[in-house]
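Here is the structure we will look at.
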Amino acid sequence: MLTKHVELLSVRERQLHVERTARTLYQEYLSVSQAKRRWDPNLDFDWRAVRQDLPAGVAELVTGFFAVEQYVPDYTNRITELVRRSWGRSSFQLAWGGEEAKHSDLWGNVLLFGGVMDRRQLDEYTDNLRASAWMAPWDTPLHMSIYTVFQERATQYIYAKTLRLIEASENPDPVLMAAFRKIVTDEAAHFRFFSDVARLHLYYMPETTIKAIGDVVRYFVMPATDLYANYAAFVDELTKHDIFSTRIYIREIMPTAMKKLGLSGLSAIKRGVERTKQTPNPDGTFATADILGNDFSVVEDSVRSLFERLTSYELRVGFAPENRIEFLNA
């Protein structure tokens with residue numbers, strides 16, 4: 001059994017502890033998704049009742065959403081390759097890919113039944129999109145784990161704002177609103193998982209994680225923005241309806257993601273990066289509290305709560321005490 005104090009663990013032991021916890025995170029995620037979020041993009045909606053006159057701009061937005069989802073095979077493949085040694089994270093990535101593929105089917109149905117495209121046009125559009133491939137913006141598992149936190153929060157926010165746009169329109173389409181609600185719920189679940197994994201890294205490996213957060217915050221862009229022809233029109237609609245923009249990313253997306261990680265904001269990142277440049281301890285590590293400063297207690301409390309939730313889940317599964325994960329105090 002692992003020692004109770006992280007400072008006595010090697011880097012490798014801390015990594016193994018994070019991965020063991022990520023496995024339980026995935027198992028819990030799968031149980032919840034199977035129990036509460038199973039849905040069929042084809043048969044669970046009355047597509048024949050969708051209105052042909054979609055609200056202004058919504059057709060362009062859904063066309064963009066569909067385009068982004070055409071790179072799900074790339075998102076899934078690239079990230080799975082990076083985390084393939086992690087049982088929990090690689091398994092989650094495959095499950096995530098399956099859920100995102102349903103989103104693609106759903107948006108395709110909106111375009112078809114909403115009269116935006118016919119089958120031939122949709123097939124041609126899809127073929128053109130898939131002629132290009134998405135490449136991950138970073139080639140390290142840690143950077144991509146952090147990137148997905150911000151990306152999933154942005155996606156959840158965009159879909160929720162679009163839903164509100166539809167709800168506020170004249171005679172809002174109930175089928176379209178139901179479709180968006182399913183997607184928003186999925187994205188919230190994805191954001192939670194990626195945030196939980198990122199917080200584990202932040203708590204147990206703060207030196208490298210704080211630097212990765214700084215990199216992602218500084219260079220963040222949404223995926224596949226350079227891969228499809230109608231991107232400019234898509235962005236115009238996002239901006240026109242105040243759904244997403246650089247300003248929204250800075251004022252809404254980034255602070256929410258930071259809070260979820262247990263950080264107060266950019267000042268914490270800048271402070272942490274500076275402290276990682278200072279002379280390390282004799283064993284090559286830094287004191288966690290020194291790296292995270294005043295945010296350390298918040299991160300610790302959130303990670304402790306995470307372990308309480310996961311050990312309760314493992315108890316429900318029936319794992320013996322020696323086989324359950326435990327919180328290791330840093």
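Residues in the structure tokens are numbered from 1 in each chain, the chains being A, B, ... in the order shown, and ligands are numbered from 1 in the order shown.
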Pick out the residues sitting within 9 Å of Glu60 in chain A, and hand them over as a PDB file with C-alpha atoms, in the first residue's frame; count only C-alpha atoms, and ignore anything fewer than 3 positions along from it in its own chain.
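The resulting around.pdb:
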```pdb
ATOM      1  CA  ALA A  56     -31.984  33.330 -37.655  1.00  0.00           C
ATOM      2  CA  GLY A  57     -28.402  32.121 -37.616  1.00  0.00           C
ATOM      3  CA  THR A  63     -23.688  23.559 -39.685  1.00  0.00           C
ATOM      4  CA  GLY A  64     -20.591  24.634 -37.761  1.00  0.00           C
ATOM      5  CA  PHE A  65     -21.329  22.291 -34.855  1.00  0.00           C
ATOM      6  CA  VAL A 116     -30.778  23.003 -44.367  1.00  0.00           C
ATOM      7  CA  ASN A 230     -17.526  27.960 -43.554  1.00  0.00           C
ATOM      8  CA  ALA A 233     -19.531  32.465 -41.212  1.00  0.00           C
ATOM      9  CA  PHE A 234     -19.782  30.222 -38.159  1.00  0.00           C
ATOM     10  CA  GLU A 237     -22.869  33.961 -35.909  1.00  0.00           C
TER      11      GLU A 237
END
```
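Using only C-alpha atoms, the residues found no farther than 10 Å from Leu263 in chain A, other than those of its own chain fewer than 6 positions away, are Arg199, Leu202, Pro255, Thr256, Ala257, Ile269, Leu292, Gly293, Asn294, Asp295, Phe296, Val298 and Val299 of chain A.
When CA of Asp118 in chain A is paired with CA of Glu99 in chain A, their separation reads 24.4 Å.
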- Message: Using only C-alpha atoms, which protein or nucleic acid residues come within 10 Å of Asn77 in chain A? Drop anything in the same chain fewer than 2 positions from it, and give the result as a PyMOL selection string.
- Response: chain A and resi 71-75+79-82+84+90+93-94+97+135-136
Can I get the selected residues back with C-alpha atoms, as a compact mmCIF listing (two decimals), in the first residue's frame?
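Now in out-v9.txt:
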```
# COMPACT_ATOMS: atom_id res chain seq x y z
CA TYR A 71 -13.10 15.34 -36.53
CA VAL A 72 -14.17 13.15 -33.59
CA PRO A 73 -12.16 10.20 -35.00
CA ASP A 74 -9.06 12.42 -34.89
CA TYR A 75 -9.80 13.83 -31.43
CA ILE A 79 -5.58 11.75 -27.44
CA THR A 80 -6.00 7.99 -26.91
CA GLU A 81 -2.53 7.49 -28.38
CA LEU A 82 -1.11 9.98 -25.89
CA ARG A 84 -2.86 4.73 -24.01
CA SER A 90 -7.72 5.83 -22.54
CA GLN A 93 -11.44 8.69 -24.33
CA LEU A 94 -13.05 5.84 -26.25
CA GLY A 97 -15.58 9.46 -28.70
CA MET A 135 -3.78 17.38 -35.12
CA ALA A 136 -3.49 17.83 -31.38
```
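Between CA of Val58 in chain A and CA of Asp123 in chain A the interatomic distance comes to 20.2 Å.
Of the listed residues (A:Lys102, A:Leu261, A:Leu43, A:Phe113), A:Leu261 comes nearest to Pro206 in chain A; the distances count only C-alpha atoms.
Reported to one decimal place, the separation of CA of Ile248 in chain A from CA of Arg181 in chain A is 21.1 Å.
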- Message: Please identify the alpha helix (DSSP H) residues within range 100-215 of chain A (assignment by DSSP from backbone atoms) and present them as number ranges by chain.
- Response: A: 100-113, 119-129, 141-167, 174-204, 206-215
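Minimum atom-to-atom distance to Leu106 in chain A, evaluated using only C-alpha atoms, belongs to A:Lys182 out of A:Arg120, A:Lys182, A:Arg164, A:Arg153.
Minimum atom-to-atom distances from A:Asn42, A:Ser264, A:Thr239, A:Gln70 to Thr162 in chain A were compared using only C-alpha atoms, and the lowest value belongs to A:Thr239.
When only C-alpha atoms are used to measure the gap to Glu252 in chain A, the shortest distance among A:Ala154, A:Ala179, A:Val62, A:Val303 belongs to A:Ala154.
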- If you count only C-alpha atoms, which residues fall within 9 Å of His103 in chain A, apart from same-chain ones fewer than 4 positions away, as an MDAnalysis selection string? chainID A and resid 41 65:66 69 98:99 107:108 183
Filtering to N, CA and C atoms, could you give me those residues as a PDB file, in the first residue's frame?
```pdb
ATOM      1  N   PRO A  41     -29.635   9.230 -30.924  1.00  0.00           N
ATOM      2  CA  PRO A  41     -29.794  10.450 -31.721  1.00  0.00           C
ATOM      3  C   PRO A  41     -30.798  10.322 -32.851  1.00  0.00           C
ATOM      4  N   PHE A  65     -21.424  23.341 -35.882  1.00  0.00           N
ATOM      5  CA  PHE A  65     -21.329  22.291 -34.855  1.00  0.00           C
ATOM      6  C   PHE A  65     -21.108  20.926 -35.511  1.00  0.00           C
ATOM      7  N   PHE A  66     -21.850  20.680 -36.583  1.00  0.00           N
ATOM      8  CA  PHE A  66     -21.689  19.421 -37.309  1.00  0.00           C
ATOM      9  C   PHE A  66     -20.266  19.296 -37.852  1.00  0.00           C
ATOM     10  N   GLU A  69     -17.713  18.294 -35.234  1.00  0.00           N
ATOM     11  CA  GLU A  69     -17.849  16.902 -34.801  1.00  0.00           C
ATOM     12  C   GLU A  69     -17.330  15.907 -35.835  1.00  0.00           C
ATOM     13  N   GLY A  98     -17.417   7.887 -28.492  1.00  0.00           N
ATOM     14  CA  GLY A  98     -18.729   7.347 -28.835  1.00  0.00           C
ATOM     15  C   GLY A  98     -19.839   8.349 -28.580  1.00  0.00           C
ATOM     16  N   GLU A  99     -19.732   9.077 -27.483  1.00  0.00           N
ATOM     17  CA  GLU A  99     -20.752  10.075 -27.170  1.00  0.00           C
ATOM     18  C   GLU A  99     -20.685  11.252 -28.142  1.00  0.00           C
ATOM     19  N   TRP A 107     -26.599  16.414 -34.948  1.00  0.00           N
ATOM     20  CA  TRP A 107     -26.537  17.638 -35.756  1.00  0.00           C
ATOM     21  C   TRP A 107     -26.852  17.347 -37.220  1.00  0.00           C
ATOM     22  N   GLY A 108     -26.436  16.181 -37.708  1.00  0.00           N
ATOM     23  CA  GLY A 108     -26.763  15.803 -39.076  1.00  0.00           C
ATOM     24  C   GLY A 108     -28.266  15.694 -39.281  1.00  0.00           C
ATOM     25  N   ILE A 183     -27.227  17.540 -25.520  1.00  0.00           N
ATOM     26  CA  ILE A 183     -25.824  17.847 -25.772  1.00  0.00           C
ATOM     27  C   ILE A 183     -25.208  18.590 -24.594  1.00  0.00           C
TER      28      ILE A 183
END
```
- Query: Could you name the residues that touch Thr21 in chain A at 9 Å or less, counting only C-alpha atoms, but leaving out those on the same chain fewer than 2 positions away, as a list in words?
  - Reply: Leu16, His17, Val18, Glu19, Arg23, Thr24, Leu25, Tyr26, Gly88, Val197, Leu200, Phe307, Leu310, Ile325 and Glu326 of chain A
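Among the candidate residues A:Arg38, A:Arg218, A:Lys161, A:Arg324, the one lying nearest to Tyr147 in chain A is A:Arg218, with distances computed using only C-alpha atoms.
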- 9 Å contact set for range 33-37 of chain A, only C-alpha atoms, chain neighbours under 6 positions out, as a ChimeraX atom specification: /A:182,185-186,189
Just the selected residues (N, CA and C atoms), exported as an mmCIF file, in the first residue's frame, please.
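Written file, selection13.cif:
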```cif
data_model
loop_
_atom_site.group_PDB
_atom_site.id
_atom_site.type_symbol
_atom_site.label_atom_id
_atom_site.label_comp_id
_atom_site.auth_asym_id
_atom_site.auth_seq_id
_atom_site.Cartn_x
_atom_site.Cartn_y
_atom_site.Cartn_z
ATOM 1 N N LYS A 182 -29.823 17.667 -24.490
ATOM 2 C CA LYS A 182 -29.057 16.422 -24.404
ATOM 3 C C LYS A 182 -27.566 16.703 -24.559
ATOM 4 N N THR A 185 -26.015 18.482 -21.483
ATOM 5 C CA THR A 185 -25.825 17.547 -20.374
ATOM 6 C C THR A 185 -24.581 16.688 -20.584
ATOM 7 N N ASP A 186 -24.381 16.205 -21.797
ATOM 8 C CA ASP A 186 -23.184 15.424 -22.110
ATOM 9 C C ASP A 186 -21.918 16.252 -21.888
ATOM 10 N N ALA A 189 -20.912 16.633 -18.333
ATOM 11 C CA ALA A 189 -20.286 15.417 -17.807
ATOM 12 C C ALA A 189 -18.840 15.304 -18.271
#
```
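Proximity to Asp40 in chain A was assessed for A:Ala212, A:Ser245, A:His190, A:Ala101 counting only C-alpha atoms; the smallest distance is recorded for A:Ala101.
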